[in-house]
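Enquirer: Quick one: this structure, given as structure tokens, is what I'll be asking you about.
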There are 2 protein chains.
Amino acid sequence: MAMNLEERTLLIKKWVLEAGDKIQILLKNDLSVQQKSNRTDLVTNIDKEIEKYFVEKIRTYFPDELIFSEEGFGNTVTKLDGNIWYLDPIDGTTNFIMQQKNYAVMIAVYEDGVGQIGMIYDVYNNKLYEATKGRGAWVNGEKISQPKNISMRNGLLALNSQIIFRKEFETHRNLGNESLGVRMIGSAGLEMMEVLQGRTALYLASSLEPWDFAPALILIAETGLVTRNFDGMAIDLLNKQSFACGTPQSIKDFLGYLEKKRLQ
Amino acid sequence: MAMNLEERTLLIKKWVLEAGDKIQILLKNDLSVQQKSNRTDLVTNIDKEIEKYFVEKIRTYFPDELIFSEEGFGNTVTKLDGNIWYLDPIDGTTNFIMQQKNYAVMIAVYEDGVGQIGMIYDVYNNKLYEATKGRGAWVNGEKISQPKNISMRNGLLALNSQIIFRKEFETHRNLGNESLGVRMIGSAGLEMMEVLQGRTALYLASSLEPWDFAPALILIAETGLVTRNFDGMAIDLLNKQSFACGTPQSIKDFLGYLEKKRLQ
């Protein structure tokens with residue numbers, strides 16, 4: 001099936017909104033929770049059901065394209081050639097279980113490693129963030145303008161939980177003292193949508209998987225924000241890694257702070 | 001002016017909703033920000049204007065009653081006798097400045113140290129949390145039922161920024177590793193409303209002023225939650241102090257964890 005970028009965007013948007021509806025209906029029934037790699041790494045029947053829903057759709061419409069997804073119904077992806085889908089049916093599963101808010105449906109398509117379409121759907125607040133390459137980032141039909149290039153000192157810092165208590169991240173959490181304060185939502189996608197809208201200067205995560213950041217990266221690229229790993233290198237779309245996303249100035253402040261502390 | 005509890009509640013509710021409207025109108029004009037005690041302790045022209053609005057109302061209707069408030073237009077309160085008002089015109093001022101959400105208008109009336117009426121208005125989400133002594137806690141007319149008595153291990157932990165980077169709170173932030181994860185909104189009132197609704201098991205703040213917690217305490221008392229300072233003592237309504245609020249089990253877990261670490 002031949003389909004241009006615009007048609008593909010419309011189709012994905014339909015799936016994402018339908019997935020949001022499904023989640024809200026499924027939430028009225030039983031939620032069953034299982035542990036994955038450890039006690040705090042959780043998955044529900046709904047995560048799985050929504051991933052299966054997307055995988056089935058993608059395999060029907062785009063049978064030759066690979067799927068890089070969280071819950072195991074996709075493919076093993078080892079190179080970036082061709083069209084690749086990134087899929088996180090529910091980003092922020094712990095929030096989904098405990099709060100029934102602060103979670104998002106996330107999906108993206110990349111072509112030869114270049115982001116084409118990214119969508120993040122904040123189901124509870126009914127906010128759909130989307131970007132198509134070269135056409136800007138949007139939320140519910142409103143264009144998101146480039147956020148002010150605020151410094152770490154004049155902005156908020158978002159962190160993930162591991163940074164709070166793991167020994168090796170002392171410097172990273174101490175950066176909080178150089179900021180206006182620390183905030184934590186608990187969904188990588190939604191943390192980055194706060195950066196996108198100028199509400200957070202910098203978001204740091206000790207470790208993210210490609211499906212955690214691939215959709216947001218496309219929105220980020222459209223609004224002049226910067227991403228790096230904790231070594232200051234470009235983000236790798238195939239592997240788990242440390243992750244920083246922020247205004248150009250806050251990323252500079254962060255990497256400079258790490259360097260200063262290393263030399264002390 | 002003689003006024004029963006119900007009439008007083010209605011009057012305060014009218015003021016609070018009017019304050020919310022005022023804030024949203026004022027936000028469309030210039031926001032001017034000033035530093036108070038330090039670089040991250042901020043106040044705006046709107047905080048001051050809203051405090052003045054409440055103080056004028058209270059002094060008109062209840063000229064004999066003292067006001068314990070954040071921005072300096074109230075009284076010096078040194079004892080709990082009689083009716084005392086607690087007023088925080090905008091709790092979460094940094095969020096108000098940076099995000100224009102995640103802040104709240106907070107007001108309470110105590111009689112001889114016993115909470116009578118508490119209101120917390122999440123203006124951005126148009127959610128009014130309220131409690132009148134003995135009549136339960138409510139949000140937008142819906143009764144809030146007692147949250148499940150979850151343990152620290154089965155719930156989320158909310159912290160304030162100082163706990164993240166100050167040396168003396170290492171044990172407190174390490175409690176994050178005993179929980180399902182750390183979350184931080186950046187408004188004491190709204191953090192406690194999450195505990196109230198069963199979305200967070202425990203909230204810890206290194207230091208809060210009476211106006212930061214007095215309104216929430218009334219809602220908390222109506223829903224079977226527990227508050228303590230970090231020494232396990234009851235909260236003092238006249239002074240700044242460390243503050244913990246959570247399910248009975250999570251408070252027990254927290255104090256037990258502190259004790260265990262002290263003995264190690």
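Please note that chains go A, B, ... in the order of the structure tokens, that every chain numbers its residues from 1, and that ligands are numbered from 1 in the order shown.
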Output, as a tab-separated table (two decimals) with C-alpha atoms, in the first residue's frame, the coordinates of chain B following least-squares superposition onto chain A across all in-order C-alpha pairs.
Expert:
```tsv
chain	number	residue	atom	x	y	z
B	1	MET	CA	0.12	-0.01	0.05
B	2	ALA	CA	1.53	3.32	-1.06
B	3	MET	CA	0.91	6.03	1.47
B	4	ASN	CA	2.43	9.49	1.79
B	5	LEU	CA	3.55	11.05	5.06
B	6	GLU	CA	0.32	12.94	5.52
B	7	GLU	CA	-1.89	9.89	5.02
B	8	ARG	CA	0.30	7.86	7.33
B	9	THR	CA	0.07	10.59	9.99
B	10	LEU	CA	-3.72	10.59	9.81
B	11	LEU	CA	-3.87	6.82	10.10
B	12	ILE	CA	-1.57	6.75	13.15
B	13	LYS	CA	-3.54	9.55	14.78
B	14	LYS	CA	-6.72	7.53	14.37
B	15	TRP	CA	-5.05	4.49	16.00
B	16	VAL	CA	-3.66	6.54	18.88
B	17	LEU	CA	-6.99	8.15	19.71
B	18	GLU	CA	-8.69	4.75	19.46
B	19	ALA	CA	-6.04	3.31	21.81
B	20	GLY	CA	-6.85	6.08	24.31
B	21	ASP	CA	-10.54	5.18	24.17
B	22	LYS	CA	-9.71	1.50	24.63
B	23	ILE	CA	-7.58	2.26	27.67
B	24	GLN	CA	-10.32	4.25	29.35
B	25	ILE	CA	-12.85	1.48	28.73
B	26	LEU	CA	-10.44	-1.26	29.88
B	27	LEU	CA	-9.65	0.74	33.05
B	28	LYS	CA	-13.26	0.32	34.14
B	29	ASN	CA	-12.70	-3.44	34.30
B	30	ASP	CA	-10.01	-5.32	36.18
B	31	LEU	CA	-6.44	-4.16	36.02
B	32	SER	CA	-4.01	-7.04	36.51
B	33	VAL	CA	-0.42	-6.13	37.35
B	34	GLN	CA	2.71	-8.23	36.83
B	35	GLN	CA	6.39	-7.65	37.62
B	36	LYS	CA	8.94	-7.70	34.80
B	37	SER	CA	12.69	-7.37	35.54
B	38	ASN	CA	12.19	-6.31	39.18
B	39	ARG	CA	9.70	-5.23	41.87
B	40	THR	CA	9.26	-1.70	40.46
B	41	ASP	CA	9.24	-2.65	36.76
B	42	LEU	CA	5.55	-3.30	36.20
B	43	VAL	CA	3.27	-4.23	33.33
B	44	THR	CA	-0.50	-4.60	33.15
B	45	ASN	CA	-2.91	-6.54	30.97
B	46	ILE	CA	-3.79	-3.18	29.36
B	47	ASP	CA	-0.19	-2.38	28.33
B	48	LYS	CA	-0.12	-5.75	26.57
B	49	GLU	CA	-3.53	-5.43	24.98
B	50	ILE	CA	-2.75	-1.95	23.61
B	51	GLU	CA	0.61	-3.07	22.25
B	52	LYS	CA	-1.07	-6.01	20.49
B	53	TYR	CA	-3.66	-3.64	19.03
B	54	PHE	CA	-0.96	-1.42	17.48
B	55	VAL	CA	1.19	-4.34	16.32
B	56	GLU	CA	-1.77	-5.90	14.53
B	57	LYS	CA	-2.60	-2.60	12.81
B	58	ILE	CA	1.00	-2.00	11.74
B	59	ARG	CA	1.40	-5.56	10.43
B	60	THR	CA	-1.82	-5.24	8.45
B	61	TYR	CA	-1.01	-1.89	6.84
B	62	PHE	CA	2.80	-2.08	6.70
B	63	PRO	CA	3.72	-5.77	6.71
B	64	ASP	CA	7.37	-5.16	5.74
B	65	GLU	CA	8.21	-2.72	8.52
B	66	LEU	CA	9.87	-3.63	11.83
B	67	ILE	CA	8.47	-2.77	15.25
B	68	PHE	CA	10.68	-1.87	18.23
B	69	SER	CA	8.29	-2.12	21.19
B	70	GLU	CA	8.24	-2.41	24.96
B	71	GLU	CA	6.06	-5.42	25.74
B	72	GLY	CA	7.59	-8.04	23.46
B	73	PHE	CA	5.08	-8.32	20.59
B	74	GLY	CA	7.32	-6.48	18.13
B	75	ASN	CA	10.57	-7.49	16.42
B	76	THR	CA	14.22	-7.65	17.35
B	77	VAL	CA	15.64	-4.51	15.80
B	78	THR	CA	19.42	-4.34	15.35
B	79	LYS	CA	19.85	-1.75	12.58
B	80	LEU	CA	18.19	1.45	11.47
B	81	ASP	CA	17.66	0.67	7.77
B	82	GLY	CA	14.21	1.24	6.30
B	83	ASN	CA	11.06	2.15	8.19
B	84	ILE	CA	11.07	1.30	11.89
B	85	TRP	CA	8.21	1.76	14.36
B	86	TYR	CA	8.84	2.61	18.02
B	87	LEU	CA	5.99	1.73	20.30
B	88	ASP	CA	5.35	2.23	24.01
B	89	PRO	CA	1.68	1.39	24.57
B	90	ILE	CA	1.68	2.97	28.05
B	91	ASP	CA	4.63	5.11	29.11
B	92	GLY	CA	4.46	5.63	32.88
B	93	THR	CA	2.91	2.26	33.74
B	94	THR	CA	3.43	2.76	37.50
B	95	ASN	CA	1.48	6.04	37.32
B	96	PHE	CA	-1.16	4.28	35.23
B	97	ILE	CA	-1.57	1.70	38.01
B	98	MET	CA	-1.35	4.04	41.01
B	99	GLN	CA	-2.84	7.28	39.67
B	100	GLN	CA	-4.71	6.54	36.43
B	101	LYS	CA	-3.09	9.71	35.12
B	102	ASN	CA	0.38	10.97	34.12
B	103	TYR	CA	0.82	8.25	31.50
B	104	ALA	CA	0.93	8.36	27.70
B	105	VAL	CA	0.50	6.29	24.56
B	106	MET	CA	3.63	6.78	22.44
B	107	ILE	CA	4.41	5.83	18.85
B	108	ALA	CA	6.89	6.92	16.21
B	109	VAL	CA	8.05	6.04	12.69
B	110	TYR	CA	11.67	6.50	11.63
B	111	GLU	CA	13.10	6.07	8.11
B	112	ASP	CA	16.76	5.09	7.95
B	113	GLY	CA	17.25	6.51	11.45
B	114	VAL	CA	15.50	9.82	10.72
B	115	GLY	CA	12.31	10.63	12.63
B	116	GLN	CA	9.24	11.01	10.38
B	117	ILE	CA	6.19	10.96	12.66
B	118	GLY	CA	6.01	11.08	16.47
B	119	MET	CA	2.94	11.06	18.67
B	120	ILE	CA	2.49	11.20	22.44
B	121	TYR	CA	-1.04	10.99	23.77
B	122	ASP	CA	-1.67	12.13	27.36
B	123	VAL	CA	-4.91	10.17	27.69
B	124	TYR	CA	-6.09	11.52	31.07
B	125	ASN	CA	-5.80	15.14	29.91
B	126	ASN	CA	-6.83	14.34	26.34
B	127	LYS	CA	-3.75	16.08	24.93
B	128	LEU	CA	-2.26	14.73	21.72
B	129	TYR	CA	1.28	15.92	21.00
B	130	GLU	CA	2.43	15.27	17.45
B	131	ALA	CA	5.13	16.13	14.95
B	132	THR	CA	5.80	15.24	11.36
B	133	LYS	CA	9.30	15.91	10.06
B	134	GLY	CA	9.79	19.53	9.04
B	135	ARG	CA	6.25	20.61	9.93
B	136	GLY	CA	6.67	21.66	13.57
B	137	ALA	CA	5.34	20.23	16.82
B	138	TRP	CA	1.68	20.51	17.74
B	139	VAL	CA	-0.63	19.87	20.66
B	140	ASN	CA	-4.33	19.42	19.92
B	141	GLY	CA	-3.97	21.39	16.70
B	142	GLU	CA	-2.03	24.27	18.27
B	143	LYS	CA	1.54	24.87	17.15
B	144	ILE	CA	4.17	24.68	19.90
B	145	SER	CA	6.65	27.52	19.54
B	146	GLN	CA	10.31	27.15	20.38
B	147	PRO	CA	10.69	27.51	24.16
B	148	LYS	CA	12.90	30.26	25.62
B	149	ASN	CA	16.52	29.16	25.92
B	150	ILE	CA	16.54	29.28	29.75
B	151	SER	CA	19.56	28.29	31.81
B	152	MET	CA	19.59	25.64	34.53
B	153	ARG	CA	19.72	28.41	37.13
B	154	ASN	CA	16.50	29.94	35.81
B	155	GLY	CA	14.53	26.77	35.24
B	156	LEU	CA	13.17	23.56	36.76
B	157	LEU	CA	14.99	20.23	36.63
B	158	ALA	CA	13.12	16.96	36.04
B	159	LEU	CA	14.68	13.66	37.13
B	160	ASN	CA	13.78	9.98	37.15
B	161	SER	CA	13.62	7.93	40.35
B	162	GLN	CA	16.95	6.11	40.00
B	163	ILE	CA	18.79	9.45	40.08
B	164	ILE	CA	17.29	10.20	43.49
B	165	PHE	CA	18.77	7.28	45.38
B	166	ARG	CA	21.54	5.61	43.38
B	167	LYS	CA	25.06	6.47	44.59
B	168	GLU	CA	26.55	7.08	41.15
B	169	PHE	CA	24.08	9.91	40.42
B	170	GLU	CA	24.98	12.17	43.33
B	171	THR	CA	26.29	14.87	40.98
B	172	HIS	CA	23.17	14.69	38.82
B	173	ARG	CA	20.76	15.14	41.73
B	174	ASN	CA	22.95	17.90	43.20
B	175	LEU	CA	22.31	19.82	39.99
B	176	GLY	CA	18.88	20.41	41.60
B	177	ASN	CA	20.57	22.93	43.87
B	178	GLU	CA	21.70	24.89	40.79
B	179	SER	CA	18.12	25.01	39.45
B	180	LEU	CA	14.86	26.56	40.64
B	181	GLY	CA	13.73	23.16	41.92
B	182	VAL	CA	13.24	19.50	41.06
B	183	ARG	CA	10.07	18.02	39.57
B	184	MET	CA	9.19	14.40	38.72
B	185	ILE	CA	6.14	13.21	36.79
B	186	GLY	CA	7.26	9.62	36.25
B	187	SER	CA	6.67	9.36	32.49
B	188	ALA	CA	9.63	10.03	30.17
B	189	GLY	CA	7.34	11.13	27.36
B	190	LEU	CA	5.35	13.57	29.48
B	191	GLU	CA	8.50	14.96	31.15
B	192	MET	CA	9.78	15.80	27.68
B	193	MET	CA	6.47	17.42	26.70
B	194	GLU	CA	6.97	19.76	29.69
B	195	VAL	CA	10.44	20.67	28.38
B	196	LEU	CA	8.87	21.20	24.94
B	197	GLN	CA	6.39	23.68	26.39
B	198	GLY	CA	9.06	25.60	28.32
B	199	ARG	CA	7.87	24.44	31.77
B	200	THR	CA	11.02	22.43	32.58
B	201	ALA	CA	14.50	23.50	31.49
B	202	LEU	CA	16.10	20.05	31.60
B	203	TYR	CA	15.06	16.41	31.99
B	204	LEU	CA	17.58	13.76	33.08
B	205	ALA	CA	16.94	10.01	33.10
B	206	SER	CA	19.51	7.49	34.27
B	207	SER	CA	18.43	4.99	31.62
B	208	LEU	CA	15.83	4.97	28.85
B	209	GLU	CA	14.96	2.46	26.14
B	210	PRO	CA	14.53	3.62	22.52
B	211	TRP	CA	10.71	3.38	22.72
B	212	ASP	CA	10.84	5.74	25.74
B	213	PHE	CA	12.43	8.58	23.78
B	214	ALA	CA	12.00	7.95	20.03
B	215	PRO	CA	8.54	9.60	19.72
B	216	ALA	CA	9.58	12.66	21.79
B	217	LEU	CA	12.81	13.09	19.81
B	218	ILE	CA	10.82	14.04	16.72
B	219	LEU	CA	8.85	16.69	18.59
B	220	ILE	CA	12.06	17.92	20.20
B	221	ALA	CA	13.87	18.23	16.88
B	222	GLU	CA	11.04	20.45	15.61
B	223	THR	CA	11.35	22.93	18.51
B	224	GLY	CA	15.09	23.58	18.78
B	225	LEU	CA	15.69	21.56	21.95
B	226	VAL	CA	18.78	19.42	22.48
B	227	THR	CA	19.27	15.77	23.55
B	228	ARG	CA	22.48	14.07	24.72
B	229	ASN	CA	23.47	11.10	26.84
B	230	PHE	CA	25.32	11.74	30.11
B	231	ASP	CA	28.65	11.56	28.26
B	232	GLY	CA	27.56	14.41	26.01
B	233	MET	CA	27.16	12.12	22.99
B	234	ALA	CA	24.27	11.97	20.49
B	235	ILE	CA	21.41	9.61	21.36
B	236	ASP	CA	21.61	6.10	19.91
B	237	LEU	CA	18.27	4.87	18.52
B	238	LEU	CA	19.02	1.18	19.05
B	239	ASN	CA	20.12	0.92	22.69
B	240	LYS	CA	19.27	1.65	26.28
B	241	GLN	CA	21.21	4.66	27.58
B	242	SER	CA	21.35	7.65	29.91
B	243	PHE	CA	19.34	10.55	28.56
B	244	ALA	CA	19.25	14.35	28.85
B	245	CYS	CA	16.82	16.64	27.03
B	246	GLY	CA	16.59	20.39	27.49
B	247	THR	CA	17.11	23.88	26.21
B	248	PRO	CA	20.51	24.37	24.49
B	249	GLN	CA	21.68	26.45	27.49
B	250	SER	CA	20.55	23.95	30.14
B	251	ILE	CA	22.29	21.07	28.34
B	252	LYS	CA	25.46	23.18	28.21
B	253	ASP	CA	25.06	23.99	31.92
B	254	PHE	CA	24.52	20.30	32.75
B	255	LEU	CA	27.53	19.01	30.84
B	256	GLY	CA	29.68	21.86	32.18
B	257	TYR	CA	28.58	21.01	35.74
B	258	LEU	CA	29.47	17.33	35.27
B	259	GLU	CA	32.89	18.33	33.91
B	260	LYS	CA	33.53	20.76	36.77
B	261	LYS	CA	32.63	18.09	39.35
B	262	ARG	CA	34.84	15.51	37.59
B	263	LEU	CA	37.82	17.86	37.90
B	264	GLN	CA	37.22	18.68	41.58
```
Enquirer: What parts of region 18-211 of chain A does DSSP call strand (DSSP E or B)? I'd like the answer as a PyMOL selection string.
Expert: chain A and resi 33-35+42-44+66-69+83-91+104-111+114-122+127-132+137-139+142-144+157-159+182-184+202-208
